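Trainee: Contents are compact mmCIF, C-alpha atoms; file name upload.txt:
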```
# COMPACT_ATOMS: atom_id res chain seq x y z
CA MET Y 4 13.75 27.21 17.68
CA GLY Y 5 12.49 30.71 18.54
CA MET Y 6 9.21 30.23 16.67
CA ILE Y 7 8.66 26.81 18.28
CA ASP Y 8 9.36 28.18 21.75
CA ASP Y 9 7.00 31.12 21.18
CA CYS Y 10 4.26 28.73 20.08
CA ARG Y 11 4.74 26.48 23.10
CA ARG Y 12 4.32 29.43 25.44
CA LEU Y 13 0.86 30.23 24.05
CA SER Y 14 -2.21 29.43 26.13
CA ASP Y 15 -4.74 26.95 24.76
CA ALA Y 16 -7.14 29.74 23.79
CA ASP Y 17 -4.40 31.78 22.06
CA LEU Y 18 -3.11 28.70 20.21
CA SER Y 19 -6.58 27.85 18.94
CA ARG Y 20 -7.25 31.46 17.88
CA ASP Y 21 -3.91 31.79 16.07
CA LEU Y 22 -4.36 28.48 14.31
CA HIS Y 23 -7.76 29.49 12.92
CA PHE Y 24 -6.36 32.87 11.86
CA LEU Y 25 -3.39 31.27 10.07
CA ALA Y 26 -5.63 28.76 8.30
CA GLN Y 27 -7.87 31.57 7.08
CA ARG Y 28 -4.89 33.62 5.96
CA ASP Y 29 -3.42 30.57 4.23
CA ARG Y 30 -6.60 30.13 2.18
CA HIS Y 31 -6.61 33.83 1.33
CA CYS Y 32 -2.96 33.70 0.31
CA LEU Y 33 -3.62 30.61 -1.79
CA ALA Y 34 -6.36 32.40 -3.71
CA LYS Y 35 -4.08 35.41 -4.28
CA LEU Y 36 -1.23 33.12 -5.32
CA LEU Y 37 -3.40 31.40 -7.93
CA VAL Y 38 -4.54 34.74 -9.34
CA HIS Y 39 -0.98 36.06 -9.53
CA LEU Y 40 0.32 32.82 -11.02
CA ALA Y 41 -2.40 32.82 -13.66
CA GLU Y 42 -1.61 36.42 -14.63
CA TYR Y 43 2.11 35.67 -14.67
CA ASP Y 44 1.34 32.78 -16.98
CA ARG Y 45 -0.93 34.90 -19.20
CA ARG Y 46 1.82 37.49 -19.70
CA GLN Y 47 4.42 34.76 -20.30
CA LEU Y 48 6.84 36.57 -18.00
CA CYS Y 49 8.70 33.35 -17.18
CA VAL Y 50 9.69 33.05 -20.83
CA LYS Y 51 10.46 36.76 -21.26
CA GLU Y 52 12.48 37.05 -18.05
CA THR Y 53 14.15 33.66 -17.72
CA GLY Y 54 13.52 31.78 -20.96
CA ILE Y 55 12.08 28.73 -19.20
CA SER Y 56 8.61 27.19 -18.91
CA LEU Y 57 6.24 28.10 -16.11
CA PHE Y 58 6.59 24.63 -14.62
CA THR Y 59 10.38 24.88 -14.54
CA TYR Y 60 10.09 28.41 -13.13
CA CYS Y 61 7.89 27.18 -10.27
CA VAL Y 62 10.35 24.40 -9.46
CA ARG Y 63 13.67 26.19 -9.87
CA VAL Y 64 12.80 29.76 -8.92
CA LEU Y 65 9.76 29.55 -6.63
CA GLY Y 66 11.05 26.38 -4.95
CA TYR Y 67 8.02 24.09 -5.32
CA ASP Y 68 8.50 20.40 -5.83
CA GLU Y 69 7.25 18.92 -9.10
CA PHE Y 70 3.85 17.83 -7.82
CA ASP Y 71 3.10 21.10 -6.00
CA ALA Y 72 4.14 23.04 -9.09
CA TYR Y 73 1.84 20.96 -11.27
CA ARG Y 74 -1.15 21.42 -8.97
CA ARG Y 75 -0.71 25.16 -8.66
CA ILE Y 76 -0.31 25.69 -12.39
CA ARG Y 77 -3.37 23.58 -13.09
CA ALA Y 78 -5.43 25.34 -10.42
CA ALA Y 79 -4.24 28.80 -11.52
CA ARG Y 80 -5.33 28.20 -15.10
CA THR Y 81 -8.63 26.80 -13.88
CA VAL Y 82 -9.53 29.78 -11.67
CA SER Y 83 -8.43 32.12 -14.45
CA ARG Y 84 -11.02 30.55 -16.71
CA TYR Y 85 -13.65 30.03 -13.98
CA PRO Y 86 -13.26 32.81 -11.35
CA ALA Y 87 -16.21 31.47 -9.34
CA ALA Y 88 -13.79 29.00 -7.74
CA LEU Y 89 -11.83 31.74 -5.98
CA GLU Y 90 -14.49 32.57 -3.42
CA LEU Y 91 -14.84 28.90 -2.50
CA VAL Y 92 -11.06 28.60 -2.13
CA GLU Y 93 -10.95 31.58 0.22
CA ARG Y 94 -13.78 30.15 2.31
CA GLY Y 95 -12.06 26.79 2.52
CA ARG Y 96 -14.87 25.05 0.64
CA LEU Y 97 -12.77 24.05 -2.37
CA SER Y 98 -9.26 22.68 -2.03
CA LEU Y 99 -6.38 22.86 -4.45
CA THR Y 100 -6.67 19.14 -5.13
CA ALA Y 101 -10.41 19.44 -5.76
CA ILE Y 102 -9.80 22.05 -8.47
CA VAL Y 103 -7.23 19.83 -10.16
CA VAL Y 104 -9.55 16.82 -10.06
CA LEU Y 105 -12.48 18.80 -11.49
CA HIS Y 106 -10.57 20.64 -14.21
CA PRO Y 107 -10.97 18.10 -17.07
CA TYR Y 108 -14.74 18.05 -16.62
CA LEU Y 109 -15.42 21.78 -16.46
CA ASP Y 110 -16.83 24.03 -19.15
CA GLN Y 111 -18.61 27.38 -19.23
CA GLU Y 112 -22.04 25.76 -18.85
CA ASN Y 113 -21.41 23.33 -16.01
CA HIS Y 114 -18.60 24.79 -13.89
CA ARG Y 115 -20.86 26.49 -11.34
CA ALA Y 116 -22.86 23.29 -10.83
CA TRP Y 117 -19.66 21.30 -10.38
CA PHE Y 118 -18.25 23.82 -7.88
CA LYS Y 119 -21.49 23.69 -5.90
CA ALA Y 120 -21.55 19.89 -5.90
CA ALA Y 121 -17.88 19.69 -4.87
CA SER Y 122 -18.08 22.38 -2.18
CA GLY Y 123 -16.81 21.02 1.14
CA LYS Y 124 -16.17 17.54 -0.21
CA SER Y 125 -12.99 15.50 -0.08
CA ARG Y 126 -11.07 14.34 -3.13
CA ARG Y 127 -12.49 10.82 -2.77
CA GLN Y 128 -16.06 12.13 -2.63
CA ILE Y 129 -15.50 14.31 -5.69
CA GLU Y 130 -14.06 11.39 -7.62
CA ALA Y 131 -17.17 9.39 -6.71
CA LEU Y 132 -19.36 12.16 -8.14
CA ILE Y 133 -17.30 12.19 -11.33
CA ALA Y 134 -17.45 8.40 -11.62
CA ALA Y 135 -21.25 8.49 -11.31
CA ARG Y 136 -21.48 11.12 -14.06
CA TYR Y 137 -18.74 9.75 -16.34
CA PRO Y 138 -18.42 6.00 -15.61
CA GLN Y 139 -15.29 4.35 -16.95
CA GLY Y 140 -15.18 0.95 -18.58
CA ALA Y 141 -13.72 -2.05 -16.79
CA LYS Y 142 -10.06 -2.82 -17.42
CA PRO Y 143 -8.31 -6.19 -17.23
CA ASP Y 144 -6.25 -7.19 -14.20
CA TYR Y 145 -2.69 -5.93 -14.36
CA LEU Y 146 0.52 -7.20 -12.80
CA ARG Y 147 3.92 -5.93 -13.89
CA ARG Y 148 7.37 -5.83 -12.37
CA PHE Y 149 8.88 -2.38 -11.91
CA PRO Y 150 12.08 -1.77 -13.88
CA GLY Y 151 15.25 -2.18 -11.85
CA GLN Y 152 16.90 1.03 -13.03
CA LEU Y 153 15.24 4.33 -13.87
CA SER Y 154 16.83 7.28 -15.58
CA PRO Y 155 17.15 10.32 -13.29
CA GLY Y 156 13.96 12.36 -13.24
CA VAL Y 157 11.94 9.93 -15.34
CA PRO Y 158 8.77 8.55 -13.68
CA PRO Y 159 8.23 4.76 -13.72
CA GLN Y 160 5.74 3.63 -16.32
CA ALA Y 161 4.73 0.34 -14.71
CA MET Y 162 1.30 1.50 -13.54
CA ASP Y 163 0.24 3.59 -16.50
CA VAL Y 164 -2.95 1.56 -16.87
CA LEU Y 165 -4.36 3.12 -13.71
CA PRO Y 166 -6.43 6.28 -14.22
CA SER Y 167 -5.32 9.36 -12.35
CA GLN Y 168 -7.37 12.08 -10.73
CA ALA Y 169 -4.43 14.26 -9.70
CA ASP Y 170 -3.81 12.28 -6.55
CA ALA Y 171 -1.09 13.27 -4.12
CA ASN Y 172 0.89 10.17 -4.99
CA HIS Y 173 1.76 11.19 -8.54
CA ALA Y 174 5.17 10.28 -9.79
CA PRO Y 175 7.43 13.32 -10.27
CA MET Y 176 7.74 14.82 -13.72
CA PRO Y 177 11.06 15.59 -15.35
CA ALA Y 178 12.36 18.92 -14.09
CA ASP Y 179 12.46 20.54 -17.52
CA VAL Y 180 9.09 19.30 -18.75
CA GLY Y 181 5.91 21.21 -18.01
CA PRO Y 182 2.79 19.43 -16.80
CA GLN Y 183 1.11 20.02 -20.12
CA GLU Y 184 3.86 18.12 -21.95
CA ALA Y 185 4.13 15.36 -19.35
CA THR Y 186 0.55 14.23 -19.06
CA LEU Y 187 -2.18 16.09 -20.89
CA SER Y 188 -2.99 19.31 -22.63
CA LEU Y 189 -3.90 21.95 -20.09
CA GLU Y 190 -5.60 24.03 -22.75
CA GLY Y 191 -8.36 22.83 -25.06
CA GLY Y 192 -9.63 19.38 -25.88
CA ASP Y 193 -12.70 17.70 -24.50
CA ASN Y 194 -11.34 14.74 -22.60
CA ARG Y 195 -14.09 14.30 -20.03
CA GLY Y 196 -14.79 10.74 -18.97
CA GLN Y 197 -11.32 9.52 -19.99
CA ALA Y 198 -8.42 8.38 -17.84
CA ILE Y 199 -6.59 11.59 -17.05
CA GLY Y 200 -3.36 12.63 -15.44
CA MET Y 201 0.01 11.33 -14.45
CA ASN Y 202 1.10 7.93 -13.22
CA GLN Y 203 -0.15 7.05 -9.78
CA TRP Y 204 -0.35 4.13 -7.42
CA GLN Y 205 -1.32 3.46 -3.80
CA THR Y 206 -4.76 4.80 -4.63
CA ILE Y 207 -8.42 3.82 -4.89
CA VAL Y 208 -10.23 5.61 -7.72
CA PRO Y 209 -14.01 5.44 -8.33
CA ILE Y 210 -14.89 4.48 -11.91
CA THR Y 211 -18.69 4.12 -11.58
CA ALA Y 212 -21.23 4.69 -8.84
CA ASP Y 213 -20.60 1.22 -7.40
CA ARG Y 214 -17.14 0.26 -8.69
CA VAL Y 215 -13.61 1.45 -7.86
CA ARG Y 216 -10.19 0.81 -9.37
CA ILE Y 217 -7.48 -0.15 -6.87
CA GLY Y 218 -3.78 0.16 -7.56
CA PHE Y 219 -0.69 -0.29 -5.42
CA ASP Y 220 2.98 -1.11 -5.70
CA ALA Y 221 4.25 -4.20 -3.87
CA ALA Y 222 7.18 -6.52 -3.42
CA VAL Y 223 7.69 -9.26 -5.99
CA ALA Y 224 6.93 -11.77 -3.22
CA VAL Y 225 3.38 -10.36 -3.00
CA MET Y 226 2.96 -10.90 -6.74
CA HIS Y 227 3.99 -14.54 -6.26
CA LEU Y 228 1.45 -14.91 -3.45
CA ILE Y 229 -1.29 -13.52 -5.68
CA ASP Y 230 -0.30 -15.85 -8.52
CA ARG Y 231 -0.37 -18.83 -6.18
CA ALA Y 232 -3.76 -17.82 -4.76
CA ARG Y 233 -5.11 -17.60 -8.30
CA GLN Y 234 -3.89 -21.12 -9.02
CA VAL Y 235 -5.40 -22.53 -5.82
CA LEU Y 236 -8.77 -20.87 -6.48
CA ARG Y 237 -9.01 -21.66 -10.20
CA HIS Y 238 -11.81 -24.17 -9.62
CA LYS Y 239 -13.88 -21.65 -7.71
CA TYR Y 240 -13.01 -18.66 -9.90
CA PRO Y 241 -12.21 -19.86 -13.42
CA ALA Y 242 -11.49 -16.34 -14.68
CA GLY Y 243 -8.86 -15.85 -11.95
CA ARG Y 244 -9.83 -12.20 -11.45
CA LEU Y 245 -7.90 -10.34 -8.78
CA GLU Y 246 -11.14 -9.01 -7.32
CA ASP Y 247 -12.41 -12.53 -6.57
CA VAL Y 248 -9.09 -13.81 -5.24
CA LEU Y 249 -8.47 -10.84 -2.95
CA ARG Y 250 -12.07 -10.77 -1.72
CA ASP Y 251 -11.81 -14.43 -0.68
CA ALA Y 252 -8.50 -13.81 1.06
CA LEU Y 253 -9.80 -10.74 2.90
CA GLU Y 254 -13.00 -12.51 3.98
CA ILE Y 255 -10.93 -15.30 5.50
CA LEU Y 256 -8.61 -12.81 7.20
CA LEU Y 257 -11.47 -10.79 8.67
CA ASP Y 258 -13.33 -13.90 9.82
CA ARG Y 259 -10.22 -14.84 11.80
CA LYS Y 260 -8.92 -11.45 12.92
CA ASP Y 261 -11.78 -8.91 13.01
CA PRO Y 262 -13.20 -8.77 16.57
CA GLN Y 263 -16.25 -6.83 15.41
CA ARG Y 264 -17.13 -9.44 12.82
CA ARG Y 265 -16.60 -12.34 15.22
CA LEU Y 266 -18.64 -10.70 17.97
CA GLY Y 267 -21.36 -9.83 15.50
CA LEU Y 268 -21.67 -13.41 14.29
CA LYS Y 269 -21.79 -15.19 17.64
CA PRO Y 270 -25.22 -13.97 18.91
CA SER Y 271 -26.99 -14.70 15.63
CA VAL Y 272 -25.44 -18.16 15.43
CA VAL Y 273 -26.60 -18.98 18.96
CA ALA Y 274 -30.07 -17.59 18.28
CA ASP Y 275 -30.39 -19.56 15.08
CA LYS Y 276 -29.40 -22.80 16.79
CA ALA Y 277 -31.79 -22.22 19.66
CA SER Y 278 -34.87 -21.26 17.66
CA VAL Y 279 -34.64 -22.84 14.23
CA PRO Y 280 -33.97 -26.52 13.60
CA ALA Y 281 -31.14 -27.11 11.19
CA PRO Y 282 -32.42 -28.01 7.71
CA PRO Y 283 -31.39 -31.37 6.30
CA THR Y 284 -28.11 -31.00 4.44
CA ARG Y 285 -26.47 -33.17 1.86
CA GLU Y 286 -23.42 -35.07 3.03
CA PRO Y 287 -20.12 -33.40 2.21
CA ARG Y 288 -18.49 -34.66 -0.92
CA PHE Y 289 -15.52 -36.14 0.88
CA LEU Y 290 -17.82 -38.23 3.13
CA ARG Y 291 -19.67 -39.62 0.14
CA ALA Y 292 -16.33 -40.37 -1.51
CA LEU Y 293 -15.08 -42.01 1.69
CA LYS Y 294 -18.08 -44.32 1.90
CA SER Y 295 -17.78 -45.27 -1.75
CA GLY Y 296 -14.02 -45.93 -1.50
CA ARG Y 297 -13.17 -43.14 -3.93
CA TYR Y 298 -11.81 -40.89 -1.13
CA ILE Y 299 -8.07 -40.16 -1.41
CA PRO Y 300 -6.48 -39.98 2.06
CA ALA Y 301 -4.57 -36.85 3.04
CA ARG Y 302 -1.30 -38.80 3.37
CA VAL Y 303 -1.67 -39.97 -0.23
CA LYS Y 304 -2.41 -36.44 -1.45
CA ARG Y 305 0.65 -35.13 0.36
CA ALA Y 306 2.88 -37.81 -1.13
CA VAL Y 307 1.52 -37.26 -4.64
CA TRP Y 308 1.82 -33.50 -4.36
CA GLN Y 309 5.42 -33.76 -3.21
CA ARG Y 310 6.29 -36.33 -5.88
CA ASP Y 311 4.74 -34.34 -8.75
CA GLY Y 312 6.02 -31.01 -7.44
CA GLY Y 313 2.58 -29.42 -7.34
CA ARG Y 314 2.39 -29.53 -11.16
CA CYS Y 315 0.49 -31.41 -13.81
CA ALA Y 316 2.31 -34.72 -14.39
CA TRP Y 317 0.90 -35.38 -17.88
CA ARG Y 318 3.60 -36.47 -20.31
CA PHE Y 319 3.42 -35.68 -23.99
CA ASP Y 320 4.57 -38.06 -26.72
CA ASP Y 321 8.04 -36.49 -26.76
CA GLY Y 322 8.46 -37.08 -23.02
CA THR Y 323 8.03 -33.48 -21.87
CA VAL Y 324 5.82 -32.82 -18.85
CA CYS Y 325 2.90 -30.37 -18.95
CA GLY Y 326 3.92 -28.78 -15.63
CA SER Y 327 0.86 -26.51 -15.30
CA ARG Y 328 0.02 -25.25 -11.80
CA ASP Y 329 -3.56 -24.28 -12.70
CA TRP Y 330 -6.75 -26.34 -12.41
CA LEU Y 331 -4.93 -29.20 -10.66
CA GLU Y 332 -6.94 -32.34 -9.85
CA TYR Y 333 -6.07 -35.72 -8.34
CA ASP Y 334 -6.50 -38.43 -10.98
CA HIS Y 335 -6.54 -42.23 -10.74
CA VAL Y 336 -3.97 -43.74 -13.11
CA LYS Y 337 -6.09 -46.90 -13.21
CA PRO Y 338 -9.66 -45.58 -13.11
CA PHE Y 339 -11.52 -46.16 -9.86
CA ALA Y 340 -14.48 -47.54 -11.82
CA ARG Y 341 -12.18 -50.30 -13.08
CA GLY Y 342 -10.73 -51.26 -9.74
CA GLY Y 343 -8.11 -48.56 -9.30
CA ARG Y 344 -7.06 -47.93 -5.72
CA SER Y 345 -7.37 -44.59 -3.94
CA ASP Y 346 -5.10 -45.38 -0.98
CA SER Y 347 -1.82 -45.77 -2.91
CA PRO Y 348 0.27 -42.88 -4.26
CA ARG Y 349 1.34 -45.15 -7.12
CA ASN Y 350 -2.19 -45.02 -8.58
CA ILE Y 351 -2.74 -41.28 -8.01
CA ARG Y 352 -1.26 -38.40 -9.98
CA LEU Y 353 -1.75 -34.68 -10.38
CA LEU Y 354 -3.26 -33.54 -13.66
CA CYS Y 355 -4.56 -30.21 -14.83
CA ARG Y 356 -8.23 -30.22 -15.76
CA LEU Y 357 -7.51 -30.38 -19.50
CA HIS Y 358 -5.29 -33.44 -19.26
CA ASN Y 359 -7.57 -35.08 -16.71
CA ARG Y 360 -10.31 -34.88 -19.32
CA VAL Y 361 -7.93 -36.16 -22.02
CA ALA Y 362 -6.99 -39.11 -19.79
CA ALA Y 363 -10.64 -39.90 -19.09
CA GLU Y 364 -11.51 -39.83 -22.78
CA ALA Y 365 -8.50 -42.04 -23.57
CA ALA Y 366 -9.81 -44.53 -21.00
CA GLY Y 367 -13.18 -44.60 -22.76
CA PHE Y 368 -15.17 -42.35 -20.42
CA LYS Y 369 -17.46 -39.71 -21.84
CA THR Y 370 -16.57 -36.29 -20.40
CA GLY Y 371 -18.77 -33.90 -22.35
CA PRO Y 372 -21.88 -33.59 -24.49
```
Could I get this structure in the form of structure tokens?
Mentor:
Amino acid sequence: MGMIDDCRRLSDADLSRDLHFLAQRDRHCLAKLLVHLAEYDRRQLCVKETGISLFTYCVRVLGYDEFDAYRRIRAARTVSRYPAALELVERGRLSLTAIVVLHPYLDQENHRAWFKAASGKSRRQIEALIAARYPQGAKPDYLRRFPGQLSPGVPPQAMDVLPSQADANHAPMPADVGPQEATLSLEGGDNRGQAIGMNQWQTIVPITADRVRIGFDAAVAVMHLIDRARQVLRHKYPAGRLEDVLRDALEILLDRKDPQRRLGLKPSVVADKASVPAPPTREPRFLRALKSGRYIPARVKRAVWQRDGGRCAWRFDDGTVCGSRDWLEYDHVKPFARGGRSDSPRNIRLLCRLHNRVAAEAAGFKTGP
């Protein structure tokens, strides 16, 4: 408590001065630490003195956690190869994380240009620069349940499809495995433009100039919500991509909850109504269906949905039910064109799009070219 009490007794001016001094000294000490760590690594003193790897030495002897040990080893080997980074570190223009992110893309010809471009930028900004220079290909959507039990010290592998740029949310590495064994070779190999690093989640990583990859861990209930949203939006987004589903959900949320968006829309809506006559619009589909008698009342839809359990009710020859939850449509058992009623649940059923087409073709209606 003595140090805390001493700090609380400082005047505002003294506190500000000391803070700036300590930050400057911290950067200077970091640069010296990286130089010493790189030389310690070059001489292989950890092996000669203790018989363990440098990573294990940093964790067990120097007291760093796994992630801090990894970053310092990576940065130390980088500044040893490219000393121009040291001055930027001392000046506070290049952070430890920035060095780790840049490392896979550096060589003797481009390292000064990269250091200049990254000077004073955040990790996210540097990743955007890298993505613009080395765009990554699109990857498919990915949902996977985390394993229930993990062996001690072993990182979960559930999100290994996400690329890593040495983010602060890396999973810990086993205590007796060095960073070079756990994720990638720290020496040699041209792996620029590839997905690099350890497992990570809760992160947004740029992959091109105008695209990012988003990853996060979530409760199983969230996965079920996403699956259900995909099913509901199958007609609008046949591919069922997470990007489309989440964008729709977020647009609806922000339209309802974002004060800035609501306030921004109101004046323009009023102005449009006052100055521009509304163009003629086609009647909504449900109104046209209502006038024609094809419209299925909400009470009928509710009854049919409850009866069929929100699944396709098509029965195969062996009596089994399709049961699909995707592409669901309300279908007339007796076709409307042949006098089938729309106001009775007995004549309405839920079918997936495939079996709705099969039923129409079986009834003699042409459904395709």
Trainee: Between Y:Cys32, Y:Val324, Y:Phe368, Y:Trp317, which one has atoms that come closest to Leu354 of chain Y, using only C-alpha atoms?
Mentor: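 Going through Y:Cys32, Y:Val324, Y:Phe368, Y:Trp317 one by one, the smallest distance to Leu354 of chain Y is for Y:Trp317.
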Trainee: Do a neighbour search on Arg127 of chain Y at 8 Å with all atoms listed in the file, toss out local chain neighbours closer than 3 positions, and write the hits as a list in words.
Mentor: Glu130, Ala131, Val208 and Pro209 of chain Y
Trainee: Kindly give the distance, in Å, that separates atom CA of Phe24 of chain Y and atom CA of Glu42 of chain Y, rounded to a single decimal.
Mentor: 27.1 Å
Trainee: To one decimal in Å, tell me the separation between atom CA of Gly243 of chain Y and atom CA of Arg360 of chain Y.
Mentor: 20.5 Å
Trainee: Enter the distance from atom CA of Val215 of chain Y to atom CA of Ala101 of chain Y, in Å, rounded to one decimal.
Mentor: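 Interatomic distance, atom CA of Val215 of chain Y to atom CA of Ala101 of chain Y: 18.4 Å.
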Trainee: Nearest to Val103 of chain Y among Y:Arg45, Y:Arg77, Y:Arg30, Y:Arg115, with distances taken over only C-alpha atoms: which residue is it?
Mentor: Y:Arg77
Trainee: Give, as lines of an AutoDock Vina configuration file, the centre coordinates and the x, y and z edge lengths in Å to one decimal for an axis-aligned box around all listed atoms of segment 91-101 of chain Y, padded by 6 Å on each side.
Mentor:
```
center_x = -10.6
center_y = 25.4
center_z = -1.6
size_x = 20.5
size_y = 24.4
size_z = 20.3
```
Trainee: Using all atoms listed in the file, which of the listed residues (Y:Cys49, Y:Val64, Y:Leu33, Y:Ala316) sits closest to Leu91 of chain Y?
Mentor: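 Under the stated criterion, the closest residue is Y:Leu33.
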Trainee: Could you give me, as a PDB file with C-alpha atoms, keeping the file's coordinate frame, the residues within 8 Å of Arg244 of chain Y, counting only C-alpha atoms and dropping anything in the same chain fewer than 3 positions from it?
Mentor:
```
ATOM      1  CA  ASP Y 144      -6.250  -7.190 -14.200  1.00  0.00           C
ATOM      2  CA  ARG Y 233      -5.110 -17.600  -8.300  1.00  0.00           C
ATOM      3  CA  TYR Y 240     -13.010 -18.660  -9.900  1.00  0.00           C
ATOM      4  CA  ASP Y 247     -12.410 -12.530  -6.570  1.00  0.00           C
ATOM      5  CA  VAL Y 248      -9.090 -13.810  -5.240  1.00  0.00           C
TER       6      VAL Y 248
END
```
Trainee: Looking at Y:Ile102, Y:Leu357, Y:Leu37, Y:Ala135, which one is nearest to Ala79 of chain Y, with distances taken over all atoms listed in the file?
Mentor: Y:Leu37
Trainee: From the list Y:Ala340, Y:Tyr85, Y:Gln234, Y:Arg297, which residue is nearest Ser327 of chain Y when using all atoms listed in the file?
Mentor: Y:Gln234
Trainee: Pick from Y:Ser345, Y:Ala26, Y:Ala72, Y:Arg352: nearest to Arg310 of chain Y, with all atoms listed in the file counted?
Mentor: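 Under the stated criterion, the closest residue is Y:Arg352.
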